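**Q** Sharing a structure here in structure tokens format.
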Amino acid sequence: MVEVPAREDLPPQYDPRAAERRWYPVWVERGYFHAKAPTDREPFCIVLPPPNVTGRLHIGHALNGTIQDVLVRRARMQGYETLWVPGTDHAGIATQVVVERELRKEGLDRRQLGREAFLERVWAWKERYGGEIVEQVKALGCSCDWSRERFTMDEGLSRAVRVAFVRMYEDGLIYRGERLINWCPTDQTALSDSEVEHVEVDGELVTFRYPLADGSGYVAVATTRVETMLGDTGIAVHPDDERYRALVGKRVRHPFDGRELPIVADPAVDPSFGTGAVKVTPAHDPTDFEIAERTGLPLRNILAADATIDGDVPEEFRGMDRYAARAHVLERLRELGLVERVERPYRHAVGHCYRCRSEIEPWLSGKQWFVAVDRLKEAAREAARDGRVRFVPERWARNYDEWLAGLRDWNISRQLWWGHRIPVWYCANGHGFAATEDPEVCRECGSPDIEQDPDVLDTWFSSQLWPFSTLGWPDDTEDLRTFYPTTVLVTGYEILYLWVARMIMAGLYLVGDVPFRNVLIHGLVRDARGRKMSKSLGNVIDPMEMIERYGADALRFALAWMASPDQQNLPLKEESIEAGRNFANKIWNAARLVLRAFEQGPPELPPRERWTLADRWLLSRHQACLAEVDAALDAYRLDAAAQAIHRFLWSEFCDWGLEVAKGRLYGEDPEARADAAQVLAWVLERTLRLLHPFMPFVTEEIWQRLGVGESIVIAPWPEGRPEDRDAEAEAVFEELREVVSDVRALQAGLPPELRGSVEVDAGVRSRLGPLVPDLERLAGARIAFVELDGARVRVAVDDPARLEALARSRRKRLAEAEAKLERKRAKLANEAFLAKAPAEVVEKERRDVAELEAEAARLRAELEQLG
């Protein structure tokens, strides 16, 4: 049993490290995060997007984990059978690169070790370092069911991969063929289209001439990769381009080797690009490859795996690096007088490897494995159209549909050693077959002389199975029957195509249903200036450092506060995390006050007839907060929910509820003292439950001292009490807040000798009623109620000179308010601002205008009273 310090031992400040060390192990040991299957309760399931086993927790992981944990903890408190499946991804390229780097330090190469010995080294590395990110996820407070932790290469998931591959292979959805693929010369492996990042670069556009073979002239072509002309096999023009119609069917002569290249017509050519005629390099450009398939042009591969020049090319170029060859080809063309012009810099998009950032090469690497997507993608598109999968924000559904519409066959083979090896075997007699278990002999002829395909599967092939393989598929398990389809997937927009679309296609084909009902897509965390975080910029916020410095709750709350699904870039600064820490301390200090007044045990509200107007106001505002939080979380607006709780706890409960209650807490009437303590404790306890999904550690630490149950983790989510809403009490209390604020503002603008006495309009006394005794205490001034014409408060001064000094002060404040008002109105009149600014920014500007207008009106009224 965990020992909780006594309530009277509550230190002045919250210690996040002590709370985190105390409670997380207890929650795990008691099985609070464990889900049961089968169950009589309604299921709620999330699968954690598996971080790379090589990785450390970065701020994007922290955001993603926080969002999921808020949803999971709330669902658990709402009574759902809640399962959050954790795990890690084997991360084929990334992990192999890391281990190869370690080998190089020892002077070794993986080829020296051989495949089996290298894989042993990778597994050893994984066992030693692979658990680091799991421990960091726990440090964030994520309430995953660790008894169900999975790894994409564990025994069960490896079997799922083989079953999926064989089923798709036998159904004709997986095939082996020679097609142009994206090749990373650095990692020396193929990449899918989705793994290629297109980056704008400053290159060059070279326009050079191909002489016509009959000597009658030339055709000029433009290219950004002049070195690939070594692999040209034709020239293409648009069939409707009048400039070249007479040349179609003729030939040009290659200036280096004398080959004759035909001029063909194809609608893929853009007549507005360059000269309107394009060189065709089918082995090194996807559009050219398709032109060649339609027109019968041959393929000519001029690159080796490391992107050096190779193949049937003139000797002077062979072995050159691709960039050196680019310069040398241009130089040789100039020597021949064939260069018309060179445009430099020429801004254009170039594909880069998503992992190592090298420029990729469209390349014919030999036979590769592909998934034929046409039969899969239409069902996936339909699932989004008919609402079986709902995207939040909704706009991503269109991006998803458009991407699927243009999706080409997916290259799934990778020339790596670490990963799921392709389950296809070949025998010496030329047979090939797929199998879920390692075979002893050829299935076709019985030959024992068989060899497995050397390639491994794209990491995303196993990741696409994650929502159901983690639940036991391909077996018909209780977990699969209970929790599939899962409830919601939470992910960043950058892997919508890499992962989300593929999971939907795989789930529909292999399991017969979508993998999740909702897809919540969040933005990417940027620095305070909106820039991508990077070591080179020195702007990286390390979540583990932030947890050590401010506590997990502080980091979580800062991330939730900004987690608007409407924003693709989420700016974060360390001060926001520090503010989260300050919020935890604010709650802690409020709890100290309440716990000193409240006797331990479940708080109970006093009979309604004993509720004071302040009680009615506080209970009404608490109910409004609950309703706002519920609506926000139901809509996946964690930002709005976090801000609503913060506003209630800080600005209403602490700043006003506690302050007004002090009059009774420290008064002589024992019943009034007890009632005030009960109301405060009741509201605090329920609000801690509202806050718990966001800040689990500080809420548990305080909640335990209230003595109301075993753990806040399994406490019920607060139910609504609409009968507590009290418009009358809110209106009266709001006037109290306004008058107190007016008096404080009035006092703050006065020289010290004018402070201390204030006149308040007599009508306020009748409206505030029972709150009048609190007015002087909260306002910090002696108050006299007098008839005021228009103004609500004014200084109580008889000396004309002092009144004139006050008038000058009011005029100065009025001028400042009117200047601010003018600037705000001008901004709202700016159409460009309205079009570009987020809706919440525009709304804040409008609120500021309304507040400034009200302030200016009050100041004018005060000036009239001062004469």
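Residue names in the structure tokens use chain letters A, B, ... in the order shown, residue numbers from 1 in each chain, and ligand numbers from 1 in the order shown.
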Need the shell around A:His431: protein/DNA/RNA residues with any atom at most 8 Å away, counting only C-alpha atoms. Skip same-chain ones fewer than 3 positions apart. Format as an MDAnalysis selection string?

**A** chainID A and resid 426:428 442 444:445

**Q** From a DSSP calculation on the backbone, collect every residue of stretch 300-511 of chain A in alpha helix (DSSP H) and output the set as an mmCIF file with N, CA, C and O atoms, in the first residue's frame.

**A**
data_model
loop_
_atom_site.group_PDB
_atom_site.id
_atom_site.type_symbol
_atom_site.label_atom_id
_atom_site.label_comp_id
_atom_site.auth_asym_id
_atom_site.auth_seq_id
_atom_site.Cartn_x
_atom_site.Cartn_y
_atom_site.Cartn_z
ATOM 1 N N ARG A 322 27.421 11.103 -59.570
ATOM 2 C CA ARG A 322 26.371 11.709 -60.404
ATOM 3 C C ARG A 322 26.523 13.222 -60.539
ATOM 4 O O ARG A 322 26.243 13.791 -61.598
ATOM 5 N N TYR A 323 26.954 13.895 -59.462
ATOM 6 C CA TYR A 323 27.089 15.344 -59.536
ATOM 7 C C TYR A 323 28.318 15.752 -60.346
ATOM 8 O O TYR A 323 28.284 16.746 -61.086
ATOM 9 N N ALA A 324 29.404 14.981 -60.216
ATOM 10 C CA ALA A 324 30.586 15.246 -61.043
ATOM 11 C C ALA A 324 30.256 15.008 -62.509
ATOM 12 O O ALA A 324 30.682 15.760 -63.401
ATOM 13 N N ALA A 325 29.461 13.969 -62.764
ATOM 14 C CA ALA A 325 29.064 13.670 -64.143
ATOM 15 C C ALA A 325 28.192 14.784 -64.709
ATOM 16 O O ALA A 325 28.291 15.115 -65.903
ATOM 17 N N ARG A 326 27.365 15.382 -63.863
ATOM 18 C CA ARG A 326 26.510 16.482 -64.312
ATOM 19 C C ARG A 326 27.373 17.626 -64.858
ATOM 20 O O ARG A 326 27.103 18.180 -65.930
ATOM 21 N N ALA A 327 28.418 17.971 -64.113
ATOM 22 C CA ALA A 327 29.303 19.060 -64.546
ATOM 23 C C ALA A 327 30.089 18.669 -65.800
ATOM 24 O O ALA A 327 30.264 19.487 -66.725
ATOM 25 N N HIS A 328 30.549 17.403 -65.861
ATOM 26 C CA HIS A 328 31.383 16.979 -66.990
ATOM 27 C C HIS A 328 30.568 16.875 -68.280
ATOM 28 O O HIS A 328 31.046 17.257 -69.356
ATOM 29 N N VAL A 329 29.323 16.372 -68.183
ATOM 30 C CA VAL A 329 28.460 16.294 -69.367
ATOM 31 C C VAL A 329 28.210 17.694 -69.916
ATOM 32 O O VAL A 329 28.275 17.936 -71.135
ATOM 33 N N LEU A 330 27.927 18.646 -69.026
ATOM 34 C CA LEU A 330 27.679 20.021 -69.462
ATOM 35 C C LEU A 330 28.924 20.601 -70.148
ATOM 36 O O LEU A 330 28.827 21.262 -71.194
ATOM 37 N N GLU A 331 30.087 20.319 -69.568
ATOM 38 C CA GLU A 331 31.331 20.810 -70.161
ATOM 39 C C GLU A 331 31.526 20.238 -71.563
ATOM 40 O O GLU A 331 31.890 20.964 -72.509
ATOM 41 N N ARG A 332 31.290 18.952 -71.752
ATOM 42 C CA ARG A 332 31.473 18.311 -73.053
ATOM 43 C C ARG A 332 30.474 18.839 -74.077
ATOM 44 O O ARG A 332 30.805 19.053 -75.249
ATOM 45 N N LEU A 333 29.219 19.083 -73.632
ATOM 46 C CA LEU A 333 28.224 19.642 -74.549
ATOM 47 C C LEU A 333 28.630 21.044 -74.991
ATOM 48 O O LEU A 333 28.418 21.433 -76.155
ATOM 49 N N ARG A 334 29.216 21.798 -74.065
ATOM 50 C CA ARG A 334 29.687 23.143 -74.420
ATOM 51 C C ARG A 334 30.810 23.053 -75.461
ATOM 52 O O ARG A 334 30.857 23.836 -76.407
ATOM 53 N N GLU A 335 31.710 22.102 -75.256
ATOM 54 C CA GLU A 335 32.821 21.941 -76.203
ATOM 55 C C GLU A 335 32.302 21.623 -77.609
ATOM 56 O O GLU A 335 32.926 22.012 -78.614
ATOM 57 N N ASP A 374 -4.993 -0.916 -56.844
ATOM 58 C CA ASP A 374 -6.272 -0.511 -57.434
ATOM 59 C C ASP A 374 -7.461 -1.175 -56.749
ATOM 60 O O ASP A 374 -8.502 -0.548 -56.528
ATOM 61 N N ARG A 375 -7.345 -2.451 -56.403
ATOM 62 C CA ARG A 375 -8.464 -3.154 -55.760
ATOM 63 C C ARG A 375 -8.626 -2.763 -54.296
ATOM 64 O O ARG A 375 -9.673 -3.014 -53.697
ATOM 65 N N LEU A 376 -7.606 -2.194 -53.709
ATOM 66 C CA LEU A 376 -7.645 -1.844 -52.289
ATOM 67 C C LEU A 376 -8.096 -0.413 -52.050
ATOM 68 O O LEU A 376 -8.820 -0.123 -51.095
ATOM 69 N N LYS A 377 -7.676 0.489 -52.924
ATOM 70 C CA LYS A 377 -7.861 1.909 -52.612
ATOM 71 C C LYS A 377 -9.306 2.370 -52.747
ATOM 72 O O LYS A 377 -9.735 3.270 -52.024
ATOM 73 N N GLU A 378 -10.087 1.771 -53.631
ATOM 74 C CA GLU A 378 -11.462 2.231 -53.788
ATOM 75 C C GLU A 378 -12.297 1.943 -52.548
ATOM 76 O O GLU A 378 -13.121 2.753 -52.125
ATOM 77 N N ALA A 379 -12.081 0.770 -51.933
ATOM 78 C CA ALA A 379 -12.804 0.445 -50.697
ATOM 79 C C ALA A 379 -12.403 1.404 -49.582
ATOM 80 O O ALA A 379 -13.236 1.818 -48.762
ATOM 81 N N ALA A 380 -11.127 1.771 -49.553
ATOM 82 C CA ALA A 380 -10.652 2.711 -48.524
ATOM 83 C C ALA A 380 -11.227 4.101 -48.734
ATOM 84 O O ALA A 380 -11.554 4.812 -47.777
ATOM 85 N N ARG A 381 -11.365 4.506 -49.987
ATOM 86 C CA ARG A 381 -11.975 5.807 -50.270
ATOM 87 C C ARG A 381 -13.443 5.797 -49.850
ATOM 88 O O ARG A 381 -13.945 6.756 -49.258
ATOM 89 N N GLU A 382 -14.132 4.717 -50.142
ATOM 90 C CA GLU A 382 -15.557 4.619 -49.819
ATOM 91 C C GLU A 382 -15.787 4.656 -48.310
ATOM 92 O O GLU A 382 -16.781 5.212 -47.840
ATOM 93 N N ALA A 383 -14.862 4.067 -47.533
ATOM 94 C CA ALA A 383 -15.027 4.041 -46.075
ATOM 95 C C ALA A 383 -15.036 5.448 -45.490
ATOM 96 O O ALA A 383 -15.726 5.713 -44.495
ATOM 97 N N ALA A 384 -14.261 6.343 -46.085
ATOM 98 C CA ALA A 384 -14.262 7.729 -45.608
ATOM 99 C C ALA A 384 -15.489 8.474 -46.106
ATOM 100 O O ALA A 384 -16.052 9.310 -45.398
ATOM 101 N N ARG A 385 -15.914 8.174 -47.316
ATOM 102 C CA ARG A 385 -17.074 8.874 -47.877
ATOM 103 C C ARG A 385 -18.359 8.529 -47.138
ATOM 104 O O ARG A 385 -19.223 9.391 -46.948
ATOM 105 N N TRP A 396 -9.158 16.888 -43.726
ATOM 106 C CA TRP A 396 -8.181 15.876 -44.110
ATOM 107 C C TRP A 396 -8.802 14.753 -44.920
ATOM 108 O O TRP A 396 -8.088 14.017 -45.614
ATOM 109 N N ALA A 397 -10.124 14.597 -44.851
ATOM 110 C CA ALA A 397 -10.780 13.553 -45.646
ATOM 111 C C ALA A 397 -10.559 13.803 -47.134
ATOM 112 O O ALA A 397 -10.384 12.867 -47.920
ATOM 113 N N ARG A 398 -10.576 15.066 -47.532
ATOM 114 C CA ARG A 398 -10.376 15.378 -48.950
ATOM 115 C C ARG A 398 -8.940 15.076 -49.374
ATOM 116 O O ARG A 398 -8.712 14.507 -50.438
ATOM 117 N N ASN A 399 -7.970 15.451 -48.529
ATOM 118 C CA ASN A 399 -6.568 15.137 -48.845
ATOM 119 C C ASN A 399 -6.369 13.631 -48.985
ATOM 120 O O ASN A 399 -5.674 13.160 -49.896
ATOM 121 N N TYR A 400 -6.961 12.909 -48.056
ATOM 122 C CA TYR A 400 -6.866 11.446 -48.057
ATOM 123 C C TYR A 400 -7.454 10.872 -49.344
ATOM 124 O O TYR A 400 -6.858 10.023 -50.010
ATOM 125 N N ASP A 401 -8.625 11.356 -49.729
ATOM 126 C CA ASP A 401 -9.296 10.834 -50.923
ATOM 127 C C ASP A 401 -8.494 11.155 -52.189
ATOM 128 O O ASP A 401 -8.331 10.299 -53.069
ATOM 129 N N GLU A 402 -7.976 12.371 -52.257
ATOM 130 C CA GLU A 402 -7.215 12.763 -53.447
ATOM 131 C C GLU A 402 -5.923 11.964 -53.559
ATOM 132 O O GLU A 402 -5.510 11.574 -54.649
ATOM 133 N N TRP A 403 -5.283 11.706 -52.423
ATOM 134 C CA TRP A 403 -4.046 10.930 -52.458
ATOM 135 C C TRP A 403 -4.313 9.499 -52.925
ATOM 136 O O TRP A 403 -3.576 8.960 -53.748
ATOM 137 N N LEU A 404 -5.366 8.909 -52.381
ATOM 138 C CA LEU A 404 -5.700 7.542 -52.788
ATOM 139 C C LEU A 404 -6.059 7.474 -54.268
ATOM 140 O O LEU A 404 -5.724 6.501 -54.954
ATOM 141 N N ALA A 405 -6.746 8.492 -54.753
ATOM 142 C CA ALA A 405 -7.142 8.489 -56.164
ATOM 143 C C ALA A 405 -5.927 8.392 -57.078
ATOM 144 O O ALA A 405 -5.975 7.737 -58.131
ATOM 145 N N THR A 459 9.092 -1.243 -43.829
ATOM 146 C CA THR A 459 8.623 -1.160 -42.442
ATOM 147 C C THR A 459 7.126 -0.885 -42.375
ATOM 148 O O THR A 459 6.420 -1.390 -41.498
ATOM 149 N N TRP A 460 6.637 -0.080 -43.307
ATOM 150 C CA TRP A 460 5.219 0.290 -43.272
ATOM 151 C C TRP A 460 4.315 -0.887 -43.605
ATOM 152 O O TRP A 460 3.109 -0.831 -43.326
ATOM 153 N N PHE A 461 4.861 -1.959 -44.171
ATOM 154 C CA PHE A 461 4.021 -3.135 -44.439
ATOM 155 C C PHE A 461 3.568 -3.756 -43.121
ATOM 156 O O PHE A 461 2.395 -4.113 -42.963
ATOM 157 N N SER A 462 4.489 -3.892 -42.173
ATOM 158 C CA SER A 462 4.089 -4.433 -40.868
ATOM 159 C C SER A 462 3.304 -3.400 -40.073
ATOM 160 O O SER A 462 2.357 -3.749 -39.350
ATOM 161 N N SER A 463 3.666 -2.118 -40.222
ATOM 162 C CA SER A 463 2.953 -1.072 -39.479
ATOM 163 C C SER A 463 1.498 -0.962 -39.899
ATOM 164 O O SER A 463 0.639 -0.601 -39.082
ATOM 165 N N TRP A 466 -0.809 -2.930 -37.685
ATOM 166 C CA TRP A 466 -0.715 -2.640 -36.246
ATOM 167 C C TRP A 466 -2.055 -2.642 -35.511
ATOM 168 O O TRP A 466 -2.150 -3.234 -34.419
ATOM 169 N N PRO A 467 -3.125 -2.026 -36.018
ATOM 170 C CA PRO A 467 -4.371 -1.975 -35.229
ATOM 171 C C PRO A 467 -4.998 -3.345 -34.973
ATOM 172 O O PRO A 467 -5.754 -3.494 -34.017
ATOM 173 N N PHE A 468 -4.709 -4.335 -35.806
ATOM 174 C CA PHE A 468 -5.317 -5.655 -35.578
ATOM 175 C C PHE A 468 -4.290 -6.736 -35.249
ATOM 176 O O PHE A 468 -4.595 -7.663 -34.507
ATOM 177 N N SER A 469 -3.056 -6.615 -35.741
ATOM 178 C CA SER A 469 -2.044 -7.619 -35.368
ATOM 179 C C SER A 469 -1.746 -7.538 -33.881
ATOM 180 O O SER A 469 -1.488 -8.560 -33.232
ATOM 181 N N GLU A 478 -10.052 -13.011 -28.263
ATOM 182 C CA GLU A 478 -11.008 -12.203 -27.495
ATOM 183 C C GLU A 478 -10.703 -10.719 -27.653
ATOM 184 O O GLU A 478 -11.617 -9.893 -27.772
ATOM 185 N N ASP A 479 -9.421 -10.371 -27.659
ATOM 186 C CA ASP A 479 -9.049 -8.962 -27.833
ATOM 187 C C ASP A 479 -9.544 -8.437 -29.171
ATOM 188 O O ASP A 479 -10.079 -7.318 -29.259
ATOM 189 N N LEU A 480 -9.365 -9.217 -30.229
ATOM 190 C CA LEU A 480 -9.775 -8.773 -31.555
ATOM 191 C C LEU A 480 -11.291 -8.613 -31.615
ATOM 192 O O LEU A 480 -11.809 -7.626 -32.157
ATOM 193 N N ARG A 481 -12.007 -9.568 -31.048
ATOM 194 C CA ARG A 481 -13.481 -9.488 -31.078
ATOM 195 C C ARG A 481 -13.994 -8.323 -30.230
ATOM 196 O O ARG A 481 -15.008 -7.712 -30.558
ATOM 197 N N THR A 482 -13.286 -8.026 -29.158
ATOM 198 C CA THR A 482 -13.761 -6.993 -28.224
ATOM 199 C C THR A 482 -13.392 -5.584 -28.681
ATOM 200 O O THR A 482 -14.216 -4.665 -28.598
ATOM 201 N N PHE A 483 -12.165 -5.395 -29.156
ATOM 202 C CA PHE A 483 -11.647 -4.041 -29.336
ATOM 203 C C PHE A 483 -11.464 -3.595 -30.785
ATOM 204 O O PHE A 483 -11.074 -2.453 -31.030
ATOM 205 N N ALA A 501 -3.633 5.746 -44.385
ATOM 206 C CA ALA A 501 -4.348 5.211 -45.550
ATOM 207 C C ALA A 501 -4.071 3.722 -45.723
ATOM 208 O O ALA A 501 -4.966 2.941 -46.068
ATOM 209 N N ARG A 502 -2.834 3.320 -45.464
ATOM 210 C CA ARG A 502 -2.487 1.906 -45.642
ATOM 211 C C ARG A 502 -3.148 1.031 -44.591
ATOM 212 O O ARG A 502 -3.529 -0.106 -44.870
ATOM 213 N N MET A 503 -3.265 1.538 -43.357
ATOM 214 C CA MET A 503 -3.976 0.767 -42.331
ATOM 215 C C MET A 503 -5.423 0.551 -42.718
ATOM 216 O O MET A 503 -5.990 -0.529 -42.477
ATOM 217 N N ILE A 504 -6.047 1.575 -43.289
ATOM 218 C CA ILE A 504 -7.459 1.439 -43.682
ATOM 219 C C ILE A 504 -7.587 0.417 -44.805
ATOM 220 O O ILE A 504 -8.472 -0.456 -44.764
ATOM 221 N N MET A 505 -6.712 0.478 -45.808
ATOM 222 C CA MET A 505 -6.764 -0.510 -46.891
ATOM 223 C C MET A 505 -6.540 -1.924 -46.357
ATOM 224 O O MET A 505 -7.264 -2.865 -46.711
ATOM 225 N N ALA A 506 -5.543 -2.081 -45.474
ATOM 226 C CA ALA A 506 -5.221 -3.403 -44.940
ATOM 227 C C ALA A 506 -6.333 -3.933 -44.058
ATOM 228 O O ALA A 506 -6.691 -5.122 -44.130
ATOM 229 N N GLY A 507 -6.901 -3.062 -43.190
ATOM 230 C CA GLY A 507 -7.975 -3.512 -42.309
ATOM 231 C C GLY A 507 -9.189 -3.986 -43.075
ATOM 232 O O GLY A 507 -9.781 -5.031 -42.761
ATOM 233 N N LEU A 508 -9.576 -3.229 -44.095
ATOM 234 C CA LEU A 508 -10.742 -3.612 -44.894
ATOM 235 C C LEU A 508 -10.495 -4.924 -45.625
ATOM 236 O O LEU A 508 -11.378 -5.796 -45.694
ATOM 237 N N TYR A 509 -9.297 -5.099 -46.174
ATOM 238 C CA TYR A 509 -9.027 -6.308 -46.962
ATOM 239 C C TYR A 509 -8.815 -7.538 -46.081
ATOM 240 O O TYR A 509 -9.373 -8.614 -46.344
ATOM 241 N N LEU A 510 -8.038 -7.400 -45.005
ATOM 242 C CA LEU A 510 -7.641 -8.561 -44.220
ATOM 243 C C LEU A 510 -8.613 -8.912 -43.104
ATOM 244 O O LEU A 510 -8.758 -10.083 -42.749
#

**Q** Using only C-alpha atoms, which of the listed residues (A:Asp310, A:Val511, A:Ile547, A:Phe289) sits closest to A:Lys138?

**A**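 Comparing A:Asp310, A:Val511, A:Ile547, A:Phe289 against A:Lys138, the winner is A:Ile547.
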
**Q** Excluding same-chain residues fewer than 2 positions from A:Glu260, what lies within 12 Å of it counting only C-alpha atoms, as JSON, numbers by chain?

**A** {"A": [210, 211, 212, 213, 214, 232, 233, 234, 235, 249, 250, 251, 252, 253, 254, 255, 256, 257, 258, 262, 263, 297]}

**Q** What are the DSSP strand (DSSP E or B) residues of stretch 665-772 of chain A, as a PyMOL selection string?

**A** chain A and resi 757-761

**Q** Could you give me, as JSON, numbers by chain, the residues within 8 Å of stretch 695-709 of chain A, counting only C-alpha atoms and dropping anything in the same chain fewer than 4 positions from it?

**A** {"A": [4, 5, 6, 7, 14, 16, 19, 20, 23, 141, 552, 553, 554, 556, 557, 584, 588, 591, 595, 600, 601, 602, 603, 685, 688, 689, 691, 713, 715]}

**Q** Residues within 12 Å of stretch 630-635 of chain A, please, as an NGL selection string. Count only C-alpha atoms; anything in the same chain fewer than 4 positions from it doesn't count.

**A** :A and (67-68 or 70-75 or 78 or 390-394 or 488 or 518-520 or 560 or 563-566 or 623-626 or 639-645 or 690-691 or 693-694 or 717-720)

**Q** Near A:Leu57, within 7 Å and counting only C-alpha atoms, which residues show up once chain neighbours fewer than 5 positions away are dropped, as a VMD selection string?

**A** chain A and resid 62 133 136 543

**Q** Would you save the residues from that selection as a JSON list (two decimals), in the first residue's frame, using C-alpha atoms?

**A**
[["chain", "number", "residue", "atom", "x", "y", "z"],
["A", 62, "ALA", "CA", 5.08, 13.95, -26.18],
["A", 133, "ILE", "CA", 11.74, 5.19, -25.34],
["A", 136, "GLN", "CA", 10.26, 7.76, -21.47],
["A", 543, "PRO", "CA", 10.60, 16.68, -23.34]]

**Q** Extract, using only C-alpha atoms, all DNA, RNA and protein residues at most 9 Å from stretch 663-672 of chain A, discarding same-chain residues fewer than 6 positions from it, and format them as a tab-separated table (two decimals) with N, CA, C and O atoms, in the first residue's frame.

**A**
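Written out: result-v1.tsv:
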chain	number	residue	atom	x	y	z
A	597	ALA	N	-9.35	23.55	6.02
A	597	ALA	CA	-10.70	23.88	6.51
A	597	ALA	C	-11.64	22.68	6.49
A	597	ALA	O	-12.64	22.66	7.21
A	610	ARG	N	-29.34	26.31	2.34
A	610	ARG	CA	-28.26	26.98	3.06
A	610	ARG	C	-27.19	27.52	2.10
A	610	ARG	O	-26.19	28.09	2.53
A	773	PRO	N	-21.06	42.78	2.24
A	773	PRO	CA	-19.98	42.70	3.23
A	773	PRO	C	-18.64	42.26	2.64
A	773	PRO	O	-17.58	42.58	3.20
A	774	ASP	N	-18.69	41.52	1.54
A	774	ASP	CA	-17.43	41.06	0.93
A	774	ASP	C	-16.78	42.13	0.07
A	774	ASP	O	-15.60	42.02	-0.27
A	777	ARG	N	-13.80	44.07	1.70
A	777	ARG	CA	-12.67	43.17	1.95
A	777	ARG	C	-11.95	42.83	0.66
A	777	ARG	O	-10.72	42.82	0.58
